[in-house]
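S.K.: If it helps, the file is called my_file-v8.cif and holds mmCIF, C-alpha atoms:
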data_coords
loop_
_atom_site.label_atom_id
_atom_site.label_comp_id
_atom_site.auth_asym_id
_atom_site.auth_seq_id
_atom_site.Cartn_x
_atom_site.Cartn_y
_atom_site.Cartn_z
CA MET A 149 91.93 -23.33 19.01
CA LYS A 150 95.61 -24.24 19.27
CA ASN A 151 96.31 -22.30 16.10
CA THR A 152 94.56 -19.25 17.51
CA ILE A 153 96.65 -19.43 20.67
CA ARG A 154 99.82 -19.90 18.62
CA THR A 155 98.96 -16.96 16.37
CA ALA A 156 98.16 -14.76 19.36
CA ALA A 157 101.41 -15.74 21.07
CA ALA A 158 103.39 -15.11 17.88
CA LEU A 159 101.76 -11.71 17.45
CA ALA A 160 102.46 -10.81 21.06
CA VAL A 161 106.12 -11.80 20.73
CA ALA A 162 106.40 -9.95 17.41
CA SER A 163 104.88 -6.79 18.85
CA LEU A 164 107.23 -6.98 21.82
CA VAL A 165 110.22 -7.37 19.53
CA ILE A 166 109.05 -4.51 17.32
CA SER A 167 108.45 -2.19 20.28
CA ALA A 168 111.79 -3.13 21.78
CA GLN A 169 113.58 -2.45 18.51
CA ALA A 170 111.65 0.66 17.47
CA GLU A 171 114.13 3.06 18.93
CA PRO A 172 117.48 1.67 17.78
CA THR A 173 116.25 0.96 14.25
CA SER A 174 115.27 4.58 13.66
CA PRO A 175 117.97 5.93 11.33
CA GLY A 176 118.37 9.11 13.34
CA TYR A 177 118.89 7.35 16.66
CA VAL A 178 122.36 7.39 18.18
CA GLU A 179 123.40 5.14 21.02
CA PHE A 180 125.83 7.13 23.14
CA GLY A 181 126.33 4.15 25.41
CA LYS A 182 125.95 4.10 29.13
CA ILE A 183 127.42 7.35 30.34
CA THR A 184 128.01 6.98 34.03
CA PRO A 185 127.84 10.10 36.16
CA PRO A 186 131.20 11.31 37.43
CA GLY A 187 132.20 10.64 41.01
CA LYS A 188 131.41 12.80 43.98
CA GLY A 189 131.23 16.51 43.20
CA GLY A 190 130.91 15.97 39.44
CA GLU A 191 128.10 17.37 37.34
CA PHE A 192 125.69 15.25 35.37
CA VAL A 193 122.48 16.16 33.57
CA GLU A 194 120.48 13.72 31.50
CA VAL A 195 117.19 14.42 29.77
CA GLN A 196 115.31 11.83 27.73
CA LEU A 197 112.03 12.84 26.18
CA ARG A 198 110.39 10.04 24.26
CA SER A 199 107.48 10.17 21.86
CA ASN A 200 104.96 9.28 24.59
CA LEU A 201 105.74 12.44 26.55
CA LEU A 202 106.27 14.54 23.44
CA ASN A 203 102.90 13.49 22.01
CA LEU A 204 101.28 14.38 25.29
CA ALA A 205 102.94 17.79 25.21
CA ALA A 206 101.84 18.24 21.61
CA GLY A 207 98.28 17.37 22.57
CA ILE A 208 98.37 20.01 25.30
CA ILE A 209 99.34 22.86 23.01
CA ALA A 210 97.56 21.61 19.89
CA LYS A 211 94.56 23.91 20.27
CA GLU A 212 96.60 27.00 21.01
CA ASN A 213 99.52 26.45 18.68
CA ALA A 214 98.89 23.83 16.04
CA GLU A 215 102.22 24.43 14.29
CA ALA A 216 104.21 23.88 17.45
CA ALA A 217 102.21 20.75 18.19
CA LYS A 218 102.88 19.43 14.68
CA LEU A 219 106.57 20.05 15.10
CA ILE A 220 106.74 18.34 18.48
CA ARG A 221 104.81 15.37 17.09
CA SER A 222 107.40 15.00 14.36
CA VAL A 223 110.04 14.31 17.01
CA GLU A 224 110.44 10.76 18.27
CA LEU A 225 113.14 11.21 20.85
CA ILE A 226 115.28 13.91 22.40
CA GLN A 227 118.21 12.86 24.49
CA VAL A 228 120.60 15.31 26.08
CA THR A 229 123.48 14.34 28.34
CA VAL A 230 125.85 16.80 29.98
CA VAL A 231 128.74 15.37 31.95
CA GLY A 232 131.23 17.29 34.01
CA ILE A 233 134.80 16.41 33.07
CA SER A 234 137.04 15.30 35.89
CA LYS A 235 140.45 13.69 36.06
CA GLU A 236 138.82 10.29 36.46
CA ASN A 237 136.53 10.38 33.44
CA ARG A 238 138.44 12.62 31.01
CA THR A 239 140.06 9.75 29.09
CA ASP A 240 136.83 7.79 28.94
CA LEU A 241 134.85 10.78 27.67
CA ASP A 242 137.47 11.62 25.03
CA ALA A 243 137.37 8.04 23.78
CA ARG A 244 133.58 8.01 23.77
CA LEU A 245 133.39 11.29 21.88
CA THR A 246 135.82 10.03 19.27
CA LYS A 247 133.92 6.75 18.94
CA VAL A 248 130.55 8.49 18.52
CA ARG A 249 131.93 10.74 15.78
CA THR A 250 133.70 7.89 13.99
CA ASP A 251 130.57 5.73 14.11
CA LEU A 252 128.42 8.55 12.74
CA GLU A 253 130.76 9.17 9.84
CA ALA A 254 130.84 5.44 9.13
CA LYS A 255 127.04 5.43 9.04
CA ASN A 256 126.98 8.23 6.46
CA TRP A 257 125.94 11.02 8.75
CA GLU A 258 126.80 14.41 7.32
CA ARG A 259 129.12 16.54 9.42
CA ASN A 260 127.72 20.06 9.14
CA VAL A 261 129.77 21.85 11.74
CA ALA A 262 133.22 21.23 13.14
CA VAL A 263 134.65 23.84 15.47
CA GLN A 264 137.94 23.69 17.33
CA GLY A 265 138.03 26.73 19.62
CA LYS A 266 141.04 28.51 21.04
CA ASP A 267 140.18 27.45 24.55
CA GLY A 268 139.88 23.80 23.65
CA GLU A 269 136.23 23.82 22.66
CA ASP A 270 135.43 21.02 20.29
CA ILE A 271 132.02 21.12 18.64
CA ALA A 272 130.67 18.78 16.00
CA VAL A 273 127.22 18.68 14.48
CA PHE A 274 125.99 15.78 12.40
CA THR A 275 122.74 15.37 10.51
CA LYS A 276 121.14 12.34 8.95
CA THR A 277 118.81 13.13 6.11
CA ARG A 278 115.50 11.44 5.37
CA GLY A 279 114.91 11.88 1.67
CA SER A 280 115.80 15.29 0.35
CA GLU A 281 113.55 17.44 2.51
CA ALA A 282 113.73 16.21 6.07
CA LEU A 283 116.20 15.22 8.74
CA ALA A 284 115.97 11.84 10.42
CA GLY A 285 118.31 12.88 13.17
CA ILE A 286 120.57 15.58 14.51
CA THR A 287 123.51 14.83 16.74
CA ILE A 288 125.62 17.40 18.50
CA THR A 289 128.71 16.68 20.52
CA VAL A 290 130.43 19.42 22.47
CA LYS A 291 133.47 19.29 24.64
CA ASP A 292 135.11 22.11 26.53
CA LYS A 293 137.40 22.20 29.52
CA GLN A 294 134.65 21.46 31.99
CA HIS A 295 131.88 19.60 30.19
CA ALA A 296 131.07 17.07 27.52
CA VAL A 297 127.65 17.36 25.91
CA PHE A 298 125.82 14.80 23.81
CA VAL A 299 122.57 15.75 22.06
CA ASN A 300 120.50 13.55 19.77
CA VAL A 301 117.17 14.50 18.26
CA VAL A 302 115.34 11.78 16.34
CA GLY A 303 112.32 12.26 14.15
CA ASP A 304 111.16 13.59 10.84
CA ILE A 305 112.28 17.18 11.12
CA LYS A 306 112.43 19.82 8.45
CA PRO A 307 115.66 21.82 8.62
CA GLU A 308 113.81 25.12 8.91
CA GLN A 309 112.00 23.79 11.99
CA VAL A 310 115.17 23.17 13.96
CA VAL A 311 115.43 26.71 15.33
CA ALA A 312 111.81 26.67 16.43
CA LEU A 313 112.38 23.30 18.08
CA GLY A 314 115.42 24.65 19.92
CA GLU A 315 113.44 27.69 21.02
CA SER A 316 110.42 25.73 22.16
CA LEU A 317 112.46 23.21 24.10
CA ASN A 318 115.12 25.72 25.10
CA ILE A 319 118.03 23.65 23.79
CA GLU A 320 120.71 26.21 23.04
CA PRO A 321 122.85 24.09 20.64
CA LEU A 322 119.76 23.32 18.58
CA LYS A 323 118.98 27.01 18.14
CA GLU A 324 122.52 27.64 16.94
CA ILE A 325 122.69 24.64 14.63
CA GLY A 326 119.30 25.54 13.23
CA VAL A 327 120.65 28.89 12.11
CA LYS A 328 123.75 27.20 10.69
CA ILE A 329 121.74 24.60 8.77
CA LYS A 330 119.56 27.35 7.35
CA HIS A 331 122.66 29.20 6.17
CA ASP A 332 124.17 26.03 4.69
CA LYS A 333 120.94 25.29 2.86
CA GLY A 334 120.89 28.82 1.54
CA ASP A 335 124.51 28.48 0.40
CA ASP A 336 123.78 25.14 -1.27
CA LYS A 337 120.86 26.65 -3.16
CA GLY A 338 123.07 29.57 -4.10
CA ASP A 339 125.84 27.25 -5.32
CA LYS A 340 123.37 25.13 -7.28
CA GLY A 341 121.91 28.25 -8.77
CA GLU A 342 125.35 29.45 -9.81
CA LYS A 343 126.23 26.06 -11.24
CA GLY A 344 122.95 26.01 -13.12
CA GLU A 345 123.67 29.40 -14.59
CA LYS A 346 127.09 28.27 -15.75
CA MET B 178 41.09 -60.71 59.65
CA ASN B 179 40.47 -57.10 59.49
CA ASP B 180 42.41 -56.63 62.65
CA ALA B 181 45.44 -58.43 61.18
CA THR B 182 45.70 -56.21 58.03
CA ALA B 183 45.08 -52.96 59.86
CA ILE B 184 47.84 -50.39 59.50
CA PRO B 185 49.53 -49.76 62.76
CA PRO B 186 49.00 -46.30 64.02
CA VAL B 187 51.80 -43.84 63.13
CA ILE B 188 53.51 -42.71 66.19
CA PRO B 189 55.05 -39.29 65.67
CA PRO B 190 58.72 -39.13 66.62
CA VAL B 191 59.39 -37.63 69.89
CA ILE B 192 61.25 -34.38 69.47
CA PRO B 193 63.07 -33.55 72.59
CA PRO B 194 62.54 -30.01 73.69
CA ARG B 195 65.40 -27.72 72.75
CA LEU B 196 67.84 -27.33 75.45
CA PRO B 197 68.71 -23.90 76.61
CA ARG B 198 72.37 -24.86 75.97
CA ASP B 199 71.81 -24.95 72.19
CA ARG B 200 70.28 -21.56 72.29
CA VAL B 201 73.25 -20.22 74.14
CA GLU B 202 75.60 -21.80 71.60
CA ARG B 203 73.70 -20.28 68.68
CA CYS B 204 73.66 -16.99 70.42
CA PHE B 205 77.41 -17.21 70.93
CA ARG B 206 77.85 -18.04 67.24
CA TRP B 207 75.94 -14.95 66.22
CA VAL B 208 77.71 -12.72 68.67
CA GLY B 209 81.04 -14.24 67.67
CA GLY B 210 80.30 -13.64 63.98
CA ALA B 211 79.23 -10.09 64.66
CA LEU B 212 82.37 -9.49 66.71
CA LEU B 213 84.53 -10.95 63.94
CA VAL B 214 82.90 -8.65 61.38
CA CYS B 215 83.40 -5.70 63.71
CA LEU B 216 87.05 -6.66 64.20
CA LEU B 217 87.54 -7.01 60.45
CA LEU B 218 85.95 -3.60 59.88
CA LEU B 219 88.13 -2.14 62.60
CA ALA B 220 91.21 -3.75 61.08
CA LEU B 221 90.24 -2.36 57.67
CA ALA B 222 89.69 1.07 59.19
CA VAL B 223 93.08 0.91 60.94
CA TYR B 224 94.71 -0.31 57.70
CA GLY B 225 93.01 2.51 55.79
CA ALA B 226 94.01 5.10 58.36
CA THR B 227 97.61 3.91 58.52
CA GLY B 228 97.59 3.93 54.72
CA TYR B 229 97.93 7.69 55.00
CA PHE B 230 101.35 7.02 56.51
CA ARG B 231 102.48 4.27 54.15
CA LEU B 232 104.04 4.83 50.74
CA SER B 233 102.77 2.98 47.67
CA SER B 234 104.63 -0.09 46.43
CA GLU B 235 106.34 1.99 43.72
CA MET B 236 107.66 4.57 46.15
CA ALA B 237 108.53 1.92 48.72
CA GLY B 238 110.54 0.03 46.09
CA LEU B 239 112.30 3.21 45.10
CA ARG B 240 113.06 4.06 48.72
CA ASP B 241 114.44 0.58 49.43
CA GLY B 242 116.63 0.65 46.31
CA LEU B 243 117.98 4.08 47.20
CA GLN B 244 118.67 3.14 50.78
CA ALA B 245 120.58 0.05 49.70
CA ALA B 246 122.59 1.93 47.06
CA SER B 247 123.49 4.82 49.32
CA GLY B 248 124.95 2.50 51.93
CA ARG B 249 123.63 4.67 54.74
CA GLU B 250 120.98 4.53 57.40
CA TRP B 251 118.01 6.76 56.63
CA GLN B 252 115.52 7.79 59.27
CA ARG B 253 111.97 8.44 58.19
CA MET B 254 110.91 12.01 58.99
CA ILE B 255 107.51 11.79 57.39
CA ALA B 256 105.58 9.57 55.00
CA LEU B 257 102.22 10.77 53.82
CA ASN B 258 99.98 9.18 51.22
CA VAL B 259 96.70 10.87 50.36
CA GLY B 260 94.62 8.94 47.86
CA GLY B 261 91.87 9.66 45.40
CA ILE B 262 89.00 9.09 47.84
CA THR B 263 90.30 11.73 50.24
CA PHE B 264 90.94 14.21 47.46
CA GLY B 265 87.52 13.47 45.98
CA ALA B 266 85.86 14.08 49.34
CA ALA B 267 87.83 17.31 49.76
CA ARG B 268 86.79 18.45 46.28
CA ALA B 269 83.15 17.64 47.00
CA GLY B 270 83.25 19.42 50.35
CA LEU B 271 85.02 22.49 49.03
CA SER B 272 82.76 22.78 46.00
CA PHE B 273 80.36 24.72 48.23
CA VAL B 274 83.09 27.08 49.40
CA LYS B 275 83.99 30.26 47.56
CA MET B 276 87.60 30.05 46.39
CA GLU B 277 90.05 31.74 44.06
CA ASP B 278 90.01 30.22 40.56
CA GLU B 279 93.66 29.21 40.80
CA ALA B 280 93.13 27.44 44.12
CA ARG B 281 90.16 25.55 42.73
CA VAL B 282 92.17 24.55 39.67
CA VAL B 283 94.91 23.14 41.90
CA LEU B 284 92.29 21.22 43.87
CA GLU B 285 90.79 19.82 40.68
CA THR B 286 94.21 18.94 39.32
CA ILE B 287 95.62 16.79 42.10
CA GLN B 288 94.00 13.37 42.33
CA ALA B 289 96.44 11.68 44.66
CA CYS B 290 99.83 12.40 46.11
CA GLU B 291 102.38 10.91 48.41
CA VAL B 292 105.59 12.16 49.90
CA GLY B 293 108.31 10.61 51.98
CA ILE B 294 111.09 12.56 53.65
CA TYR B 295 114.12 10.76 55.04
CA GLN B 296 117.18 12.02 56.81
CA THR B 297 120.58 10.57 57.47
CA ALA B 298 123.06 11.36 60.21
CA ALA B 299 124.74 14.73 59.74
CA ASP B 300 128.25 13.38 60.27
CA THR B 301 128.12 10.83 57.44
CA ASP B 302 129.87 11.41 54.11
CA SER B 303 127.81 12.60 51.16
CA ALA B 304 125.85 9.81 49.51
CA ASP B 305 126.99 8.07 46.34
CA HIS B 306 124.62 9.84 43.97
CA PRO B 307 125.59 8.00 40.76
CA ALA B 308 124.94 4.68 42.49
CA MET B 309 121.66 5.99 43.89
CA LEU B 310 120.54 7.17 40.47
CA ALA B 311 121.33 3.77 38.96
CA ALA B 312 119.42 2.03 41.77
CA ALA B 313 116.46 4.38 41.36
CA ASP B 314 116.39 3.72 37.60
CA GLU B 315 116.38 -0.02 38.18
CA ALA B 316 113.65 0.12 40.84
CA MET B 317 111.40 2.32 38.74
CA GLN B 318 111.96 0.39 35.51
CA LYS B 319 110.70 -2.73 37.27
CA LYS B 320 107.47 -0.87 38.01
CA GLY B 321 107.07 0.41 34.44
CA TRP B 322 108.46 3.89 34.90
CA GLU B 323 111.23 5.67 32.99
CA ARG B 324 113.44 8.56 33.92
CA VAL B 325 113.01 11.74 31.89
CA VAL B 326 115.38 13.94 33.85
CA GLY B 327 118.39 13.18 36.01
CA VAL B 328 120.64 15.84 37.51
CA ILE B 329 123.63 15.49 39.78
CA ALA B 330 125.21 18.77 40.77
CA ASP B 331 126.52 20.53 43.85
CA ASN B 332 126.10 17.43 45.99
CA ASN B 333 122.42 17.20 45.02
CA LEU B 334 120.54 14.61 43.06
CA VAL B 335 117.25 15.19 41.26
CA ALA B 336 115.43 12.64 39.13
CA VAL B 337 112.00 12.78 37.52
CA TYR B 338 110.13 9.67 36.41
CA VAL B 339 106.97 9.14 34.38
CA PRO B 340 105.19 5.90 33.46
CA THR B 341 106.40 4.33 30.24
CA LYS B 342 102.82 4.21 29.02
CA LEU B 343 101.24 7.63 29.08
CA SER B 344 97.70 7.78 27.79
CA SER B 345 96.18 11.12 28.62
CA THR B 346 96.67 14.32 30.54
CA SER B 347 93.63 13.59 32.66
CA ARG B 348 95.45 10.89 34.60
CA MET B 349 99.10 11.89 34.56
CA LYS B 350 101.52 10.32 37.00
CA CYS B 351 104.89 11.71 37.93
CA SER B 352 107.46 10.83 40.57
CA VAL B 353 110.32 12.96 41.79
CA LEU B 354 113.39 12.07 43.78
CA VAL B 355 115.46 14.78 45.44
CA CYS B 356 118.53 14.01 47.49
CA GLU B 357 119.97 17.12 49.04
CA GLY B 358 122.80 16.80 51.50
CA GLN B 359 121.56 14.68 54.37
CA ARG B 360 117.94 14.73 53.22
CA MET B 361 116.11 12.57 50.71
CA ILE B 362 112.66 13.43 49.42
CA LEU B 363 110.47 11.10 47.39
CA ALA B 364 107.26 12.46 45.97
CA SER B 365 104.70 11.10 43.59
CA THR B 366 101.48 12.51 42.27
CA ARG B 367 98.60 11.55 40.05
CA ALA B 368 96.96 14.54 38.49
CA ASN B 369 94.41 15.64 35.99
CA LEU B 370 96.39 18.25 34.10
CA ASP B 371 93.49 19.44 31.95
CA PRO B 372 92.27 22.21 34.31
CA VAL B 373 95.76 23.57 34.94
CA ILE B 374 96.60 23.41 31.22
CA LYS B 375 93.47 25.39 30.41
CA LEU B 376 94.42 28.01 32.96
CA ALA B 377 98.06 28.10 31.83
CA LEU B 378 97.14 28.45 28.16
CA ALA B 379 94.66 31.19 28.99
CA LYS B 380 97.42 33.14 30.68
CA ALA B 381 100.34 31.98 28.54
CA ASP B 382 102.62 34.16 26.53
CA PHE B 383 104.50 32.00 24.06
CA GLY B 384 107.17 34.70 23.71
CA GLU B 385 109.91 34.21 21.16
CA ALA B 386 108.99 30.61 20.43
CA GLY B 387 105.42 31.66 19.74
CA LYS B 388 106.61 34.30 17.30
CA LEU B 389 108.80 31.77 15.53
CA PHE B 390 105.91 29.34 15.13
CA ALA B 391 103.59 32.14 14.10
CA LYS B 392 105.89 32.94 11.18
CA ARG B 393 105.32 29.46 9.72
#
Could you express the structure from this file as structure tokens?

M.R.:
Amino acid sequence: MKNTIRTAAALAVASLVISAQAEPTSPGYVEFGKITPPGKGGEFVEVQLRSNLLNLAAGIIAKENAEAAKLIRSVELIQVTVVGISKENRTDLDARLTKVRTDLEAKNWERNVAVQGKDGEDIAVFTKTRGSEALAGITITVKDKQHAVFVNVVGDIKPEQVVALGESLNIEPLKEIGVKIKHDKGDDKGDKGEKGEK
Amino acid sequence: MNDATAIPPVIPPVIPPRLPRDRVERCFRWVGGALLVCLLLLALAVYGATGYFRLSSEMAGLRDGLQAASGREWQRMIALNVGGITFGAARAGLSFVKMEDEARVVLETIQACEVGIYQTAADTDSADHPAMLAAADEAMQKKGWERVVGVIADNNLVAVYVPTKLSSTSRMKCSVLVCEGQRMILASTRANLDPVIKLALAKADFGEAGKLFAKR
């Protein structure tokens, strides 16, 4: 009897630990840290869609659009944070942006896009691959004069599905990066083909 | 000899006649009990009726957290809580009434809802929205809810919460917080989304996204 209780308790603790760690251990998950909203008058938008809500959404559209449902089910987490830049938080956001990018590079994320615009726009897109066919995560950081944007999509996503995901969830940077990834993939195949011919 | 061994005659105990006082006492006991039951029923009815004007523990916790974080005095304008029994009765009653399909779908969708509207003095400074959002997150997390959307812009605050454990669309819960200038609105609903999803999908046009998926 005691053993049964012990086993049950151990299982309960183990399941709690596993559920608590499920998110951070996913290779595509990025911890942006606690981004506090700016002071009065500042802008702040935060969206966090976890698998529970995404699975529910997938279930809703499954009958009508099985492909879309399959795609949404392949996503574990979507987190988007948009912060208005003010005098008070500019330094903190710059430091955070730099830290996120440095950490990603240290963790072998591939930097697919790096744009430094004329008007100070600073865009970086990172992807973490899962095997050779799928992405475990996509991270986009954007900074312009007024806003800093952090996007992280975690799951088991095929590169060609990224545009559709951006369209279905109306995430503009995802649509754009999807097109870019497609192009890159096409280029890679082209390069490999050329190399093979040589 | 026979006389000596004879069993003495059994004298039945004398039962004193019941006094009218006992009867009165018993009567009082019954009447008292009946009155107590009536009072309890009345209290339950009053509690049930006032329940329409009391927020649930989740919303009350959220309200208290927000009020503390904002550092302002909020006056209640309205607090309304309509539960499943009332909605069920309304559905049953209206099932005999001819209605538009959309209206019936809405009626079938909502299972319970509550709303609280609070106002603060017009001359006070704008509330500390970041602090309020943090307080709302903490209060809702304690009750097993998580925030899916949080927006602070143009002196407004909007946050949407759903339970951490979502099982089905037939019993979906959602809570919304809106803080707009001097007004704060808390709303929560429990709904069966299946009818409205059916209707939405029947009338939906997936547009560009649909075309993209259709290509695959």

S.K.: Using the chain letters and numbers from the file, give me the residues hit by the PyMOL selection byres ((chain A) within 12 of (chain B)), as an MDAnalysis selection string.

M.R.: chainID A and resid 182:220 225:232 308:319 323

S.K.: Distance atom CA of Lys320 of chain B-atom CA of Arg348 of chain B, one decimal place?

M.R.: 17.2 Å

S.K.: Step by step, work through what the PyMOL selection byres ((chain B and resi 245) around 12) selects in the shown file, and finish by giving those residues as a list in words.

M.R.: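 When the PyMOL selection byres ((chain B and resi 245) around 12) is applied to the shown file, the picked residues are Gly238, Leu239, Arg240, Asp241, Gly242, Leu243, Gln244, Ala246, Ser247, Gly248, Arg249, Glu250, Trp251, Ala304, Asp305, Ala308, Met309, Leu310, Ala311, Ala312, Ala313 and Ala316 of chain B.
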
S.K.: Closest to Val302 of chain A among A:Asp270, A:Glu258, A:Glu179, A:Asp242, using all atoms listed in the file?

M.R.: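 With all atoms listed in the file as the atom set, the closest residue is A:Glu179.
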
S.K.: Between atom CA of Thr286 of chain B and atom CA of Asn369 of chain B, what is the distance in Å, rounded to a tenth?

M.R.: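 Pair atom CA of Thr286 of chain B / atom CA of Asn369 of chain B returns 4.7 Å.
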
S.K.: Expand the PyMOL selection byres ((chain B and resi 252-263) around 9) into the explicit residue set it covers here, and present it as a list in words.

M.R.: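 Going through the file, the PyMOL selection byres ((chain B and resi 252-263) around 9) ends up selecting Gly228, Tyr229, Phe230, Arg231, Leu232, Ser233, Glu250, Trp251, Phe264, Gly265, Ala266, Ala267, Arg268, Ile287, Gln288, Ala289, Cys290, Glu291, Val292, Gly293, Ile294, Tyr295, Gln296, Thr297, Ala298 and Arg367 of chain B.
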
S.K.: What would the file look like if the residues just selected were written as a PDB file, in the coordinates of the input with C-alpha atoms?

M.R.:
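The new file out10.pdb reads:
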ATOM      1  CA  GLY B 228      97.590   3.930  54.720  1.00  0.00           C
ATOM      2  CA  TYR B 229      97.930   7.690  55.000  1.00  0.00           C
ATOM      3  CA  PHE B 230     101.350   7.020  56.510  1.00  0.00           C
ATOM      4  CA  ARG B 231     102.480   4.270  54.150  1.00  0.00           C
ATOM      5  CA  LEU B 232     104.040   4.830  50.740  1.00  0.00           C
ATOM      6  CA  SER B 233     102.770   2.980  47.670  1.00  0.00           C
ATOM      7  CA  GLU B 250     120.980   4.530  57.400  1.00  0.00           C
ATOM      8  CA  TRP B 251     118.010   6.760  56.630  1.00  0.00           C
ATOM      9  CA  PHE B 264      90.940  14.210  47.460  1.00  0.00           C
ATOM     10  CA  GLY B 265      87.520  13.470  45.980  1.00  0.00           C
ATOM     11  CA  ALA B 266      85.860  14.080  49.340  1.00  0.00           C
ATOM     12  CA  ALA B 267      87.830  17.310  49.760  1.00  0.00           C
ATOM     13  CA  ARG B 268      86.790  18.450  46.280  1.00  0.00           C
ATOM     14  CA  ILE B 287      95.620  16.790  42.100  1.00  0.00           C
ATOM     15  CA  GLN B 288      94.000  13.370  42.330  1.00  0.00           C
ATOM     16  CA  ALA B 289      96.440  11.680  44.660  1.00  0.00           C
ATOM     17  CA  CYS B 290      99.830  12.400  46.110  1.00  0.00           C
ATOM     18  CA  GLU B 291     102.380  10.910  48.410  1.00  0.00           C
ATOM     19  CA  VAL B 292     105.590  12.160  49.900  1.00  0.00           C
ATOM     20  CA  GLY B 293     108.310  10.610  51.980  1.00  0.00           C
ATOM     21  CA  ILE B 294     111.090  12.560  53.650  1.00  0.00           C
ATOM     22  CA  TYR B 295     114.120  10.760  55.040  1.00  0.00           C
ATOM     23  CA  GLN B 296     117.180  12.020  56.810  1.00  0.00           C
ATOM     24  CA  THR B 297     120.580  10.570  57.470  1.00  0.00           C
ATOM     25  CA  ALA B 298     123.060  11.360  60.210  1.00  0.00           C
ATOM     26  CA  ARG B 367      98.600  11.550  40.050  1.00  0.00           C
TER      27      ARG B 367
END

S.K.: What's the separation between atom CA of Ser352 of chain B and atom CA of Ser234 of chain B, in Å to one decimal place?

M.R.: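 Atom-to-atom, atom CA of Ser352 of chain B to atom CA of Ser234 of chain B, that is 12.7 Å.
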
S.K.: When distances are computed from all atoms listed in the file, which of B:Val223, B:Ser365, B:Ser347, B:Ala377 shows the smallest separation from Ala237 of chain B?

M.R.: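 Smallest distance to Ala237 of chain B is found for B:Ser365.
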
S.K.: Leaving out segment 283-286 of chain A and any residue of its chain fewer than 5 positions from it, which residues lie within 12 Å of it when counting all atoms listed in the file, given as a PyMOL selection string?

M.R.: chain A and resi 173-178+222-228+252+256-261+272-278+298-310+313-314+321-322+325-326+329
